[in-house]
>>> print(open('coords-v4.cif').read())   # mmCIF, C-alpha atoms and all ligand atoms
data_work
#
loop_
_atom_site.label_atom_id
_atom_site.label_comp_id
_atom_site.auth_asym_id
_atom_site.auth_seq_id
_atom_site.Cartn_x
_atom_site.Cartn_y
_atom_site.Cartn_z
CA MET A 1 24.43 -17.24 6.54
CA THR A 2 27.33 -16.50 4.25
CA ASP A 3 29.18 -13.23 4.70
CA ASP A 4 28.28 -12.09 1.29
CA VAL A 5 24.57 -12.06 2.13
CA ASP A 6 25.22 -10.59 5.53
CA THR A 7 27.12 -7.59 4.24
CA GLN A 8 24.40 -6.54 1.82
CA ASP A 9 22.43 -3.64 3.17
CA VAL A 10 18.80 -4.55 2.74
CA LEU A 11 17.83 -1.34 4.46
CA GLY A 12 19.52 0.64 1.71
CA PRO A 13 16.88 1.73 -0.78
CA ASP A 14 19.31 1.09 -3.69
CA ILE A 15 18.92 -2.69 -3.63
CA PHE A 16 15.21 -2.15 -4.32
CA LYS A 17 15.81 0.47 -6.98
CA ARG A 18 18.13 -1.97 -8.75
CA GLN A 19 15.46 -4.69 -8.32
CA GLU A 20 17.94 -7.06 -6.66
CA HIS A 21 15.81 -7.67 -3.59
CA HIS A 22 14.09 -10.78 -4.93
CA ASP A 23 17.41 -12.65 -5.29
CA PHE A 24 18.45 -11.46 -1.87
CA PHE A 25 15.20 -12.67 -0.25
CA ALA A 26 15.34 -16.00 -2.11
CA ARG A 27 18.73 -16.64 -0.51
CA LEU A 28 17.47 -15.62 2.92
CA ARG A 29 14.41 -17.92 2.65
CA ASP A 30 16.70 -20.72 1.68
CA GLN A 31 19.61 -20.20 4.06
CA ASP A 32 18.38 -18.21 7.04
CA PRO A 33 14.66 -17.41 6.98
CA VAL A 34 14.68 -15.72 10.40
CA HIS A 35 17.70 -13.51 9.91
CA TRP A 36 19.29 -11.00 12.30
CA HIS A 37 20.48 -8.04 10.33
CA VAL A 38 22.45 -4.94 11.26
CA ASP A 39 22.34 -2.18 8.70
CA SER A 40 25.01 0.39 7.92
CA ASN A 41 23.57 2.78 10.51
CA GLY A 42 23.94 0.13 13.20
CA ILE A 43 20.20 -0.54 13.41
CA GLY A 44 19.47 -4.20 14.15
CA PHE A 45 16.31 -6.07 13.17
CA TRP A 46 14.98 -9.55 12.46
CA SER A 47 13.90 -10.27 8.91
CA LEU A 48 11.03 -12.75 8.54
CA THR A 49 11.01 -13.92 4.94
CA LYS A 50 8.81 -17.06 4.88
CA HIS A 51 5.10 -16.79 4.07
CA ALA A 52 4.10 -18.90 7.10
CA ASP A 53 6.18 -16.79 9.53
CA VAL A 54 5.01 -13.47 8.11
CA GLN A 55 1.41 -14.59 8.39
CA MET A 56 1.89 -15.90 11.92
CA ALA A 57 3.51 -12.68 13.19
CA ASN A 58 0.97 -10.53 11.36
CA ARG A 59 -1.93 -12.30 13.09
CA ASP A 60 -0.39 -12.32 16.57
CA ALA A 61 -0.91 -8.76 17.78
CA LYS A 62 -0.14 -9.73 21.40
CA ARG A 63 3.43 -10.82 20.82
CA PHE A 64 4.15 -8.59 17.81
CA ILE A 65 3.18 -4.99 18.53
CA VAL A 66 3.28 -1.85 16.38
CA SER A 67 3.35 1.08 18.81
CA GLU A 68 7.19 1.09 18.94
CA GLY A 69 7.29 1.60 15.17
CA PHE A 70 5.59 0.20 12.08
CA THR A 71 8.48 1.03 9.76
CA LEU A 72 12.18 0.87 10.56
CA ILE A 73 11.90 4.36 12.03
CA ASP A 74 11.35 3.94 15.77
CA ILE A 75 8.45 5.82 17.28
CA ASP A 76 9.54 8.29 19.92
CA PRO A 77 6.29 9.31 21.64
CA ASP A 78 8.03 12.41 23.03
CA ASP A 79 8.60 14.02 19.66
CA LEU A 80 5.93 15.50 17.44
CA GLN A 81 6.30 13.01 14.60
CA GLY A 82 6.35 10.02 16.93
CA ALA A 83 3.24 11.18 18.75
CA ALA A 84 1.51 11.61 15.39
CA MET A 85 2.45 8.08 14.28
CA ARG A 86 0.78 6.64 17.35
CA GLU A 87 -2.39 8.52 16.40
CA MET A 88 -2.54 6.57 13.13
CA LEU A 89 -4.03 3.09 12.76
CA PRO A 90 -0.80 1.33 11.74
CA GLY A 91 0.87 2.62 14.93
CA MET A 92 -1.91 1.62 17.34
CA ASP A 93 -2.07 -1.54 19.46
CA PRO A 94 -5.25 -2.91 21.07
CA PRO A 95 -7.44 -1.74 22.72
CA GLN A 96 -6.94 1.69 21.06
CA HIS A 97 -6.69 0.05 17.62
CA THR A 98 -9.80 -2.08 18.16
CA ARG A 99 -12.00 0.92 18.99
CA TYR A 100 -10.66 3.10 16.18
CA ARG A 101 -10.86 0.36 13.59
CA ARG A 102 -14.48 -0.39 14.55
CA ILE A 103 -15.35 3.23 13.81
CA VAL A 104 -13.50 3.59 10.51
CA ASN A 105 -14.74 0.23 9.19
CA ARG A 106 -18.12 1.98 8.88
CA GLY A 107 -16.69 4.06 6.03
CA PHE A 108 -15.63 0.99 4.01
CA THR A 109 -18.74 -1.18 3.85
CA PRO A 110 -19.74 -3.20 0.76
CA ARG A 111 -22.59 -0.72 0.31
CA THR A 112 -20.17 2.24 0.17
CA LEU A 113 -18.11 0.43 -2.44
CA ARG A 114 -21.18 -0.43 -4.51
CA LEU A 115 -22.14 3.25 -4.47
CA LEU A 116 -18.64 4.21 -5.61
CA GLU A 117 -18.37 1.60 -8.35
CA GLY A 118 -20.46 3.46 -10.95
CA HIS A 119 -18.48 6.70 -10.48
CA LEU A 120 -15.15 4.95 -10.57
CA ALA A 121 -16.03 2.91 -13.67
CA LEU A 122 -16.71 6.19 -15.47
CA LYS A 123 -13.47 7.71 -14.18
CA ALA A 124 -11.50 4.65 -15.34
CA LYS A 125 -12.99 5.07 -18.83
CA THR A 126 -12.15 8.78 -18.83
CA VAL A 127 -8.54 8.10 -17.82
CA LEU A 128 -8.19 5.95 -20.97
CA ASP A 129 -10.23 8.36 -23.15
CA ASN A 130 -7.75 11.08 -22.27
CA VAL A 131 -4.70 9.21 -23.56
CA VAL A 132 -5.76 6.53 -26.00
CA GLU A 133 -5.64 8.70 -29.13
CA ARG A 134 -2.12 9.88 -28.32
CA GLY A 135 -0.47 6.54 -29.04
CA SER A 136 2.12 7.00 -26.28
CA CYS A 137 2.36 8.28 -22.69
CA ASP A 138 4.14 8.02 -19.37
CA PHE A 139 1.96 5.25 -17.97
CA VAL A 140 2.62 6.22 -14.35
CA GLU A 141 1.72 9.89 -14.58
CA ASP A 142 -0.96 9.70 -17.27
CA VAL A 143 -2.76 6.48 -16.31
CA ALA A 144 -1.77 4.81 -13.03
CA ALA A 145 -1.79 7.95 -10.87
CA GLU A 146 -5.27 9.16 -11.76
CA LEU A 147 -7.79 6.65 -10.42
CA PRO A 148 -6.42 6.18 -6.88
CA LEU A 149 -6.57 9.91 -6.22
CA GLN A 150 -10.07 10.19 -7.63
CA ALA A 151 -11.18 7.18 -5.59
CA ILE A 152 -10.06 8.65 -2.28
CA ALA A 153 -11.51 12.05 -3.17
CA GLU A 154 -14.86 10.37 -4.02
CA LEU A 155 -14.80 8.23 -0.92
CA VAL A 156 -14.08 11.11 1.41
CA GLY A 157 -16.26 13.61 -0.42
CA VAL A 158 -13.61 16.17 -1.45
CA PRO A 159 -15.41 18.73 -3.64
CA ASP A 160 -14.28 18.85 -7.30
CA GLU A 161 -12.86 22.35 -6.96
CA ASP A 162 -10.44 21.23 -4.20
CA ARG A 163 -9.18 18.08 -5.88
CA LYS A 164 -6.17 19.62 -7.63
CA ARG A 165 -4.95 20.97 -4.30
CA VAL A 166 -5.40 17.65 -2.50
CA PHE A 167 -3.67 15.79 -5.38
CA ALA A 168 -0.72 18.20 -5.25
CA TRP A 169 -0.34 17.66 -1.51
CA SER A 170 -0.48 13.90 -1.80
CA ASN A 171 2.14 13.92 -4.56
CA GLN A 172 4.42 16.00 -2.38
CA LEU A 173 4.28 13.27 0.27
CA THR A 174 5.46 10.67 -2.27
CA GLY A 175 8.96 9.23 -2.35
CA ILE A 176 10.62 11.11 0.51
CA ASP A 177 13.80 8.99 -0.02
CA ASP A 178 14.07 9.70 -3.72
CA PRO A 179 16.15 12.69 -4.89
CA GLU A 180 13.83 13.35 -7.87
CA TYR A 181 11.04 14.38 -5.53
CA GLU A 182 13.29 16.54 -3.37
CA GLY A 183 11.30 15.20 -0.45
CA ASP A 184 12.43 16.00 3.05
CA LEU A 185 10.91 15.36 6.41
CA GLU A 186 10.38 19.02 7.26
CA HIS A 187 8.49 19.76 4.05
CA GLY A 188 6.50 16.56 4.60
CA MET A 189 5.45 17.77 8.06
CA LEU A 190 4.37 21.10 6.61
CA VAL A 191 2.25 19.48 3.91
CA SER A 192 0.75 17.09 6.48
CA ALA A 193 -0.27 20.04 8.67
CA GLU A 194 -1.97 21.71 5.70
CA MET A 195 -3.89 18.54 4.90
CA ILE A 196 -5.02 18.07 8.48
CA SER A 197 -6.28 21.62 8.61
CA TYR A 198 -8.08 21.15 5.27
CA ALA A 199 -9.73 17.97 6.63
CA ASP A 200 -10.94 19.90 9.64
CA GLY A 201 -12.66 22.35 7.30
CA LEU A 202 -14.50 19.46 5.65
CA ARG A 203 -15.50 18.09 9.03
CA GLN A 204 -16.87 21.45 10.19
CA ASP A 205 -18.86 21.75 6.99
CA ARG A 206 -20.49 18.33 7.51
CA GLU A 207 -21.38 19.27 11.06
CA LEU A 208 -23.62 21.97 9.58
CA ASN A 209 -24.61 20.03 6.46
CA PRO A 210 -24.62 16.27 7.16
CA ARG A 211 -24.45 14.08 4.04
CA ASP A 212 -24.37 10.41 3.14
CA ASP A 213 -20.57 10.33 3.14
CA ILE A 214 -17.66 9.02 5.14
CA ILE A 215 -16.94 12.32 6.92
CA THR A 216 -20.48 12.52 8.28
CA LYS A 217 -20.44 8.84 9.20
CA LEU A 218 -17.19 9.00 11.13
CA THR A 219 -17.49 12.35 12.89
CA ASN A 220 -21.20 12.98 13.34
CA THR A 221 -21.68 14.86 16.59
CA THR A 222 -24.91 12.97 17.29
CA LEU A 223 -22.85 9.80 17.84
CA ASP A 224 -22.32 8.75 21.46
CA GLU A 225 -18.97 9.61 22.97
CA GLY A 226 -16.36 7.10 21.83
CA GLU A 227 -18.48 6.12 18.81
CA GLY A 228 -17.06 8.72 16.46
CA LEU A 229 -13.62 10.14 15.66
CA THR A 230 -12.56 13.31 17.47
CA GLU A 231 -11.47 16.39 15.51
CA ALA A 232 -7.80 15.50 15.84
CA GLU A 233 -8.40 11.86 14.97
CA PHE A 234 -10.30 12.73 11.81
CA GLY A 235 -7.49 14.97 10.52
CA MET A 236 -4.96 12.18 10.97
CA PHE A 237 -7.33 9.69 9.36
CA PHE A 238 -7.70 11.84 6.26
CA LEU A 239 -3.93 12.11 5.98
CA LEU A 240 -3.58 8.35 6.41
CA LEU A 241 -6.11 7.59 3.68
CA VAL A 242 -4.35 9.82 1.20
CA VAL A 243 -0.91 8.42 2.03
CA ALA A 244 -1.99 4.77 2.25
CA GLY A 245 -4.37 4.66 -0.68
CA ASN A 246 -2.61 6.68 -3.31
CA GLU A 247 0.90 5.44 -4.05
CA THR A 248 0.09 1.80 -3.28
CA THR A 249 -2.65 1.47 -5.86
CA ARG A 250 -0.74 3.58 -8.39
CA ASN A 251 2.24 1.25 -8.12
CA ALA A 252 0.14 -1.90 -8.28
CA THR A 253 -1.32 -0.56 -11.55
CA ALA A 254 2.10 0.27 -13.00
CA HIS A 255 3.66 -3.05 -11.94
CA GLY A 256 0.67 -4.93 -13.32
CA MET A 257 0.95 -3.23 -16.71
CA ARG A 258 4.67 -3.83 -16.75
CA ALA A 259 4.16 -7.53 -16.03
CA LEU A 260 1.53 -7.81 -18.76
CA ILE A 261 3.81 -6.12 -21.30
CA GLU A 262 6.65 -8.46 -20.32
CA SER A 263 4.35 -11.51 -20.60
CA PRO A 264 2.34 -11.06 -23.82
CA ASP A 265 0.80 -14.53 -23.44
CA GLN A 266 -0.80 -13.41 -20.16
CA MET A 267 -2.04 -10.18 -21.76
CA GLN A 268 -3.51 -12.28 -24.58
CA LYS A 269 -5.48 -14.44 -22.12
CA LEU A 270 -7.12 -11.37 -20.60
CA ARG A 271 -7.75 -9.79 -23.96
CA GLU A 272 -9.61 -12.94 -25.06
CA ASP A 273 -11.67 -13.09 -21.86
CA PRO A 274 -11.90 -9.76 -20.00
CA SER A 275 -14.76 -11.05 -17.78
CA ALA A 276 -14.96 -9.67 -14.24
CA ALA A 277 -14.03 -13.06 -12.74
CA ARG A 278 -10.92 -13.40 -14.92
CA ILE A 279 -9.75 -9.85 -14.28
CA GLU A 280 -10.36 -10.28 -10.55
CA ARG A 281 -8.06 -13.31 -10.56
CA ALA A 282 -5.46 -11.39 -12.54
CA VAL A 283 -5.63 -8.53 -10.03
CA GLU A 284 -4.74 -10.93 -7.19
CA GLU A 285 -1.70 -12.08 -9.16
CA ILE A 286 -0.70 -8.49 -9.87
CA LEU A 287 -0.87 -7.81 -6.13
CA ARG A 288 1.23 -10.86 -5.30
CA TRP A 289 3.70 -10.07 -8.05
CA SER A 290 4.14 -6.39 -7.19
CA SER A 291 3.82 -6.35 -3.36
CA PRO A 292 3.36 -2.56 -3.43
CA ILE A 293 4.46 -2.33 0.22
CA HIS A 294 7.69 -4.27 0.77
CA TYR A 295 7.30 -4.65 4.53
CA PHE A 296 5.68 -3.56 7.75
CA ARG A 297 7.49 -3.79 11.03
CA ARG A 298 6.57 -5.08 14.49
CA THR A 299 8.36 -5.16 17.86
CA ALA A 300 8.54 -8.30 20.01
CA ALA A 301 6.49 -7.74 23.18
CA MET A 302 8.15 -10.78 24.82
CA ASP A 303 10.86 -13.34 24.03
CA ILE A 304 9.77 -15.47 21.06
CA GLU A 305 11.28 -18.71 19.70
CA LEU A 306 11.11 -19.07 15.93
CA ARG A 307 12.91 -21.63 13.74
CA GLY A 308 15.56 -22.13 16.39
CA LYS A 309 16.22 -18.41 16.93
CA THR A 310 15.34 -16.39 20.01
CA ILE A 311 13.76 -13.05 19.24
CA ARG A 312 14.22 -10.98 22.37
CA GLN A 313 11.59 -8.71 23.88
CA GLY A 314 12.05 -5.24 22.35
CA ASP A 315 13.71 -6.48 19.13
CA ARG A 316 12.53 -5.03 15.83
CA VAL A 317 10.89 -7.61 13.56
CA VAL A 318 10.37 -6.88 9.87
CA LEU A 319 7.64 -8.78 8.02
CA TRP A 320 8.80 -8.87 4.40
CA TYR A 321 5.58 -9.13 2.40
CA ALA A 322 7.62 -8.91 -0.81
CA SER A 323 9.51 -12.04 0.18
CA ALA A 324 6.52 -14.00 1.50
CA ASN A 325 4.79 -13.42 -1.83
CA ARG A 326 7.58 -15.28 -3.67
CA ASP A 327 7.86 -18.20 -1.23
CA ALA A 328 7.78 -21.51 -3.13
CA GLU A 329 6.19 -23.19 -0.11
CA ALA A 330 3.10 -21.00 -0.55
CA PHE A 331 3.15 -20.47 -4.34
CA PRO A 332 4.21 -23.17 -6.82
CA ASP A 333 6.57 -21.65 -9.38
CA PRO A 334 6.62 -18.30 -7.52
CA PHE A 335 8.66 -16.43 -10.13
CA MET A 336 6.08 -17.13 -12.80
CA PHE A 337 3.50 -14.39 -13.41
CA ASP A 338 0.28 -16.34 -13.95
CA VAL A 339 -2.98 -14.40 -14.28
CA ASP A 340 -4.95 -17.58 -13.56
CA ARG A 341 -3.13 -18.52 -10.37
CA THR A 342 -5.47 -20.15 -7.83
CA PRO A 343 -5.33 -20.36 -4.92
CA ASN A 344 -3.46 -17.11 -4.39
CA ASP A 345 -3.06 -16.47 -0.69
CA HIS A 346 -0.80 -13.45 -1.11
CA VAL A 347 0.03 -11.05 1.71
CA ALA A 348 0.19 -7.81 -0.31
CA PHE A 349 -2.50 -6.35 2.00
CA GLY A 350 -1.02 -7.96 5.12
CA GLY A 351 -1.30 -11.47 6.49
CA GLY A 352 -4.91 -11.38 7.73
CA GLY A 353 -4.22 -9.85 11.16
CA PRO A 354 -5.98 -6.88 12.80
CA HIS A 355 -4.06 -4.32 10.70
CA PHE A 356 -5.17 -5.90 7.42
CA CYS A 357 -5.43 -3.16 4.80
CA LEU A 358 -8.57 -1.12 5.39
CA GLY A 359 -8.73 -0.15 1.73
CA ALA A 360 -8.16 -3.64 0.27
CA ASN A 361 -11.57 -3.92 -1.35
CA LEU A 362 -11.44 -0.38 -2.68
CA ALA A 363 -8.01 -1.05 -4.19
CA ARG A 364 -9.27 -4.32 -5.72
CA LEU A 365 -12.21 -2.49 -7.25
CA GLU A 366 -9.99 0.23 -8.74
CA LEU A 367 -7.58 -2.33 -10.16
CA ARG A 368 -10.38 -4.40 -11.70
CA LEU A 369 -11.87 -1.30 -13.37
CA ILE A 370 -8.61 0.06 -14.75
CA PHE A 371 -7.32 -3.31 -16.01
CA THR A 372 -10.65 -4.01 -17.71
CA GLU A 373 -10.06 -0.82 -19.69
CA LEU A 374 -6.37 -1.52 -20.30
CA VAL A 375 -6.65 -5.06 -21.62
CA THR A 376 -9.44 -4.09 -24.01
CA ARG A 377 -8.12 -0.71 -25.18
CA MET A 378 -4.32 -1.01 -25.00
CA PRO A 379 -3.62 -4.73 -25.46
CA ASP A 380 -0.62 -4.14 -27.74
CA ALA A 381 1.14 -1.71 -25.36
CA ARG A 382 4.96 -1.91 -25.37
CA PHE A 383 7.78 -0.07 -23.66
CA ASP A 384 8.93 3.18 -25.19
CA GLY A 385 11.88 4.03 -22.94
CA GLU A 386 13.39 3.10 -19.61
CA VAL A 387 11.22 1.94 -16.69
CA GLU A 388 12.45 3.97 -13.72
CA MET A 389 12.11 2.57 -10.23
CA LEU A 390 11.63 4.54 -7.00
CA ARG A 391 14.50 4.56 -4.53
CA SER A 392 12.71 3.23 -1.44
CA ASN A 393 12.89 0.15 0.75
CA PHE A 394 9.26 0.55 1.86
CA VAL A 395 7.24 1.33 -1.27
CA ALA A 396 7.68 -0.74 -4.44
CA GLY A 397 7.43 2.26 -6.72
CA ILE A 398 7.67 2.82 -10.44
CA LYS A 399 8.32 6.49 -11.13
CA HIS A 400 8.15 6.56 -14.92
CA MET A 401 7.17 4.00 -17.53
CA PRO A 402 7.03 5.33 -21.11
CA ILE A 403 4.82 3.13 -23.29
CA ARG A 404 3.33 3.22 -26.80
CA TRP A 405 0.55 1.32 -28.52
CA GLY A 406 -1.40 1.16 -31.79
C1 LIG B 1 -2.84 -1.97 -3.91
C2 LIG B 1 -3.12 -1.12 -2.97
C3 LIG B 1 -2.78 -1.30 -1.52
C4 LIG B 1 -1.88 -2.10 -0.89
C5 LIG B 1 -0.91 -3.08 -1.53
C6 LIG B 1 -1.97 -1.86 0.54
C7 LIG B 1 -1.20 -2.51 1.50
C8 LIG B 1 -1.38 -2.37 2.86
C9 LIG B 1 -0.64 -3.09 3.87
C10 LIG B 1 0.47 -4.12 3.58
C11 LIG B 1 -1.08 -2.70 5.07
C12 LIG B 1 -0.57 -3.19 6.45
C13 LIG B 1 -1.21 -4.50 6.79
C14 LIG B 1 -0.65 -5.17 8.00
O1 LIG B 1 0.41 -4.78 8.49
O2 LIG B 1 -1.27 -6.16 8.44
C15 LIG B 1 -2.09 -1.70 4.85
C16 LIG B 1 -2.76 -1.03 5.85
C17 LIG B 1 -3.65 0.00 5.59
N1 LIG B 1 -4.13 0.41 4.37
FE1 LIG B 1 -3.62 -0.33 2.57
N2 LIG B 1 -2.93 -0.91 0.75
C18 LIG B 1 -3.47 -0.54 -0.46
C19 LIG B 1 -4.48 0.37 -0.69
C20 LIG B 1 -5.13 1.08 0.28
C21 LIG B 1 -6.21 2.02 0.07
C22 LIG B 1 -6.84 2.31 -1.29
C23 LIG B 1 -6.52 2.55 1.29
C24 LIG B 1 -7.55 3.58 1.66
C25 LIG B 1 -8.23 4.33 0.87
C26 LIG B 1 -5.67 1.92 2.28
C27 LIG B 1 -5.70 2.16 3.64
C28 LIG B 1 -4.99 1.46 4.58
C29 LIG B 1 -5.08 1.73 6.00
C30 LIG B 1 -5.93 2.81 6.66
C31 LIG B 1 -4.23 0.81 6.64
C32 LIG B 1 -3.97 0.67 8.14
C33 LIG B 1 -4.87 -0.40 8.73
C34 LIG B 1 -4.62 -0.68 10.21
O3 LIG B 1 -3.49 -0.48 10.68
O4 LIG B 1 -5.57 -1.13 10.87
N3 LIG B 1 -4.84 1.03 1.63
N4 LIG B 1 -2.27 -1.53 3.48
#
>>> encode(input="coords-v4.cif", output="structure tokens", more="lines below")
Ligand code: HEM
Amino acid sequence: MTDDVDTQDVLGPDIFKRQEHHDFFARLRDQDPVHWHVDSNGIGFWSLTKHADVQMANRDAKRFIVSEGFTLIDIDPDDLQGAAMREMLPGMDPPQHTRYRRIVNRGFTPRTLRLLEGHLALKAKTVLDNVVERGSCDFVEDVAAELPLQAIAELVGVPDEDRKRVFAWSNQLTGIDDPEYEGDLEHGMLVSAEMISYADGLRQDRELNPRDDIITKLTNTTLDEGEGLTEAEFGMFFLLLVVAGNETTRNATAHGMRALIESPDQMQKLREDPSAARIERAVEEILRWSSPIHYFRRTAAMDIELRGKTIRQGDRVVLWYASANRDAEAFPDPFMFDVDRTPNDHVAFGGGGPHFCLGANLARLELRLIFTELVTRMPDARFDGEVEMLRSNFVAGIKHMPIRWG
């Protein structure tokens, strides 16, 4: 690896804000696909940048574990935050993960999604109704942010009168690294505690008044021991859903619209044929193109040989989904945004391992509904100011995107 690549600080959120990460990863895939990196804080980690390697590590939960940390922040089980991270799905290894995942999968069945679809289709229409006459808006705040929040609130069964409060909390947990949001860890912990306590209120209510919703399904006291989530587990699960399902889908929507504005020929194709099948294909390409989560991290549970390198037991290993999704060995012409791309084996939701995104089908549904509205009602959208990126190495975020149409 040349020095000039080595000295770049991929951990630094600025490279992502400046959108230089794709060039950086292209060079790594080419020159040193399993790369040992030490960042400016002295933290060392392996970067896996090839699609095949990311998929392999993602599926091998025995050799690549998560309980030491699923981001570049190590989990210290002796501090409060570390202990909390191990109580969340992404920080659990088997057998704890297997049991927990079996329970929460019950909340995300095809039947649940079918029940949600009608509501969400109406919400997607309303989101557009609210802006379309204006002729211009901040796409992120006025369009992309709305549906993901509504979807989680619907799924969980948050009453209408509480939604504003839940939305405000979830926005406060956004973009901790970015100065605009004035996010800091302490405030984040405070907000998290409020959300957990709110979730417990919902749980207690369903104990008295069971309903056909996810809270009742996951916590019902008539379930055998070990078959439902405990009080503490449910609070953490609620927090996880809001954090995992909100920003990701918002950013996929914003990146997708940006890509369609930048490629009018692709927008035109969808405008001519906005059938469900065509939009579904486009959504997969939007996911590949945007990789809303840049990476997840694992830790080597034993020594592992990969492409001539020895990853030592205990080493941090970063699976760069953003890089795997632009690997020419998996995607012909990877830097081309092609709404008809097939096959499209992207890893935006993970590489098919046990931690595969729990909300993948919900996110796909939301994206299909919102893009169906967008390509039919705003097909001539264009930029109306600067697209502002989030300063984060974890979330591929767009903060503001002024557009106009008509
Ligand atoms: C475009 C939107 C989304 C993207 C790109 C995305 C991406 C991801 C990724 C990359 C992972 C880790 C996979 C792995 O390491 O193997 C993940 C896990 C997860 N996601 Fe999503 N996600 C999205 C939307 C959602 C939604 C809507 C929800 C819930 C309402 C959700 C809930 C979760 C949960 C609970 C996990 C942890 C699963 C586990 O560790 O077993 N996500 N997601």
>>> residues_near_ligand(input="coords-v4.cif", ligand="ligand LIG 1 (chain B)", cutoff="8 Å", atoms="all atoms listed in the file", output="JSON, numbers by chain")
{"A": [58, 59, 88, 89, 90, 91, 92, 97, 101, 148, 151, 152, 155, 237, 240, 241, 242, 244, 245, 246, 247, 248, 249, 250, 251, 252, 253, 287, 291, 292, 293, 294, 295, 296, 297, 321, 347, 348, 349, 350, 351, 352, 353, 354, 355, 356, 357, 358, 359, 360, 361, 362, 363, 364, 367]}
>>> write_last_selection(input="coords-v4.cif", atoms="C-alpha atoms", output="short mmCIF file (atom, residue, chain, number, x, y, z; two decimals), keeping the file's coordinate frame")
data_model
loop_
_atom_site.label_atom_id
_atom_site.label_comp_id
_atom_site.auth_asym_id
_atom_site.auth_seq_id
_atom_site.Cartn_x
_atom_site.Cartn_y
_atom_site.Cartn_z
CA ASN A 58 0.97 -10.53 11.36
CA ARG A 59 -1.93 -12.30 13.09
CA MET A 88 -2.54 6.57 13.13
CA LEU A 89 -4.03 3.09 12.76
CA PRO A 90 -0.80 1.33 11.74
CA GLY A 91 0.87 2.62 14.93
CA MET A 92 -1.91 1.62 17.34
CA HIS A 97 -6.69 0.05 17.62
CA ARG A 101 -10.86 0.36 13.59
CA PRO A 148 -6.42 6.18 -6.88
CA ALA A 151 -11.18 7.18 -5.59
CA ILE A 152 -10.06 8.65 -2.28
CA LEU A 155 -14.80 8.23 -0.92
CA PHE A 237 -7.33 9.69 9.36
CA LEU A 240 -3.58 8.35 6.41
CA LEU A 241 -6.11 7.59 3.68
CA VAL A 242 -4.35 9.82 1.20
CA ALA A 244 -1.99 4.77 2.25
CA GLY A 245 -4.37 4.66 -0.68
CA ASN A 246 -2.61 6.68 -3.31
CA GLU A 247 0.90 5.44 -4.05
CA THR A 248 0.09 1.80 -3.28
CA THR A 249 -2.65 1.47 -5.86
CA ARG A 250 -0.74 3.58 -8.39
CA ASN A 251 2.24 1.25 -8.12
CA ALA A 252 0.14 -1.90 -8.28
CA THR A 253 -1.32 -0.56 -11.55
CA LEU A 287 -0.87 -7.81 -6.13
CA SER A 291 3.82 -6.35 -3.36
CA PRO A 292 3.36 -2.56 -3.43
CA ILE A 293 4.46 -2.33 0.22
CA HIS A 294 7.69 -4.27 0.77
CA TYR A 295 7.30 -4.65 4.53
CA PHE A 296 5.68 -3.56 7.75
CA ARG A 297 7.49 -3.79 11.03
CA TYR A 321 5.58 -9.13 2.40
CA VAL A 347 0.03 -11.05 1.71
CA ALA A 348 0.19 -7.81 -0.31
CA PHE A 349 -2.50 -6.35 2.00
CA GLY A 350 -1.02 -7.96 5.12
CA GLY A 351 -1.30 -11.47 6.49
CA GLY A 352 -4.91 -11.38 7.73
CA GLY A 353 -4.22 -9.85 11.16
CA PRO A 354 -5.98 -6.88 12.80
CA HIS A 355 -4.06 -4.32 10.70
CA PHE A 356 -5.17 -5.90 7.42
CA CYS A 357 -5.43 -3.16 4.80
CA LEU A 358 -8.57 -1.12 5.39
CA GLY A 359 -8.73 -0.15 1.73
CA ALA A 360 -8.16 -3.64 0.27
CA ASN A 361 -11.57 -3.92 -1.35
CA LEU A 362 -11.44 -0.38 -2.68
CA ALA A 363 -8.01 -1.05 -4.19
CA ARG A 364 -9.27 -4.32 -5.72
CA LEU A 367 -7.58 -2.33 -10.16
#
>>> closest_atom_pairs(input="coords-v4.cif", of="segment 188-268 of chain A", to="segment 102-126 of chain A", cutoff="7 Å", atoms="all atoms listed in the file", output="JSON lines")
{"residue": "A:Ile214", "atom": "CA", "partner": "A:Gly107", "partner_atom": "CA", "distance": 5.1}
{"residue": "A:Lys217", "atom": "CA", "partner": "A:Gly107", "partner_atom": "CA", "distance": 6.9}
{"residue": "A:Leu218", "atom": "CA", "partner": "A:Val104", "partner_atom": "CA", "distance": 6.6}
{"residue": "A:Glu227", "atom": "CA", "partner": "A:Ile103", "partner_atom": "CA", "distance": 6.6}
{"residue": "A:Gly228", "atom": "CA", "partner": "A:Ile103", "partner_atom": "CA", "distance": 6.3}
>>> write_last_selection(input="coords-v4.cif", atoms="C-alpha atoms", output="PDB file, keeping the file's coordinate frame")
ATOM      1  CA  ILE A 214     -17.660   9.020   5.140  1.00  0.00           C
ATOM      2  CA  LYS A 217     -20.440   8.840   9.200  1.00  0.00           C
ATOM      3  CA  LEU A 218     -17.190   9.000  11.130  1.00  0.00           C
ATOM      4  CA  GLU A 227     -18.480   6.120  18.810  1.00  0.00           C
ATOM      5  CA  GLY A 228     -17.060   8.720  16.460  1.00  0.00           C
TER       6      GLY A 228
END
>>> atom_distance(input="coords-v4.cif", atom1="atom CA of Gly308 of chain A", atom2="atom CA of Trp46 of chain A")
13.2 Å
>>> atom_distance(input="coords-v4.cif", atom1="atom CA of Gln204 of chain A", atom2="atom CA of Gln96 of chain A")
24.6 Å
>>> closest_residue(input="coords-v4.cif", among="A:Ala84, A:Trp320, A:Thr376, A:Asp74", to="Gly235 of chain A", atoms="all atoms listed in the file")
A:Ala84
>>> closest_residue(input="coords-v4.cif", among="A:Val318, A:Val243, A:Ala381, A:Met302", to="Ser170 of chain A", atoms="all atoms listed in the file")
A:Val243
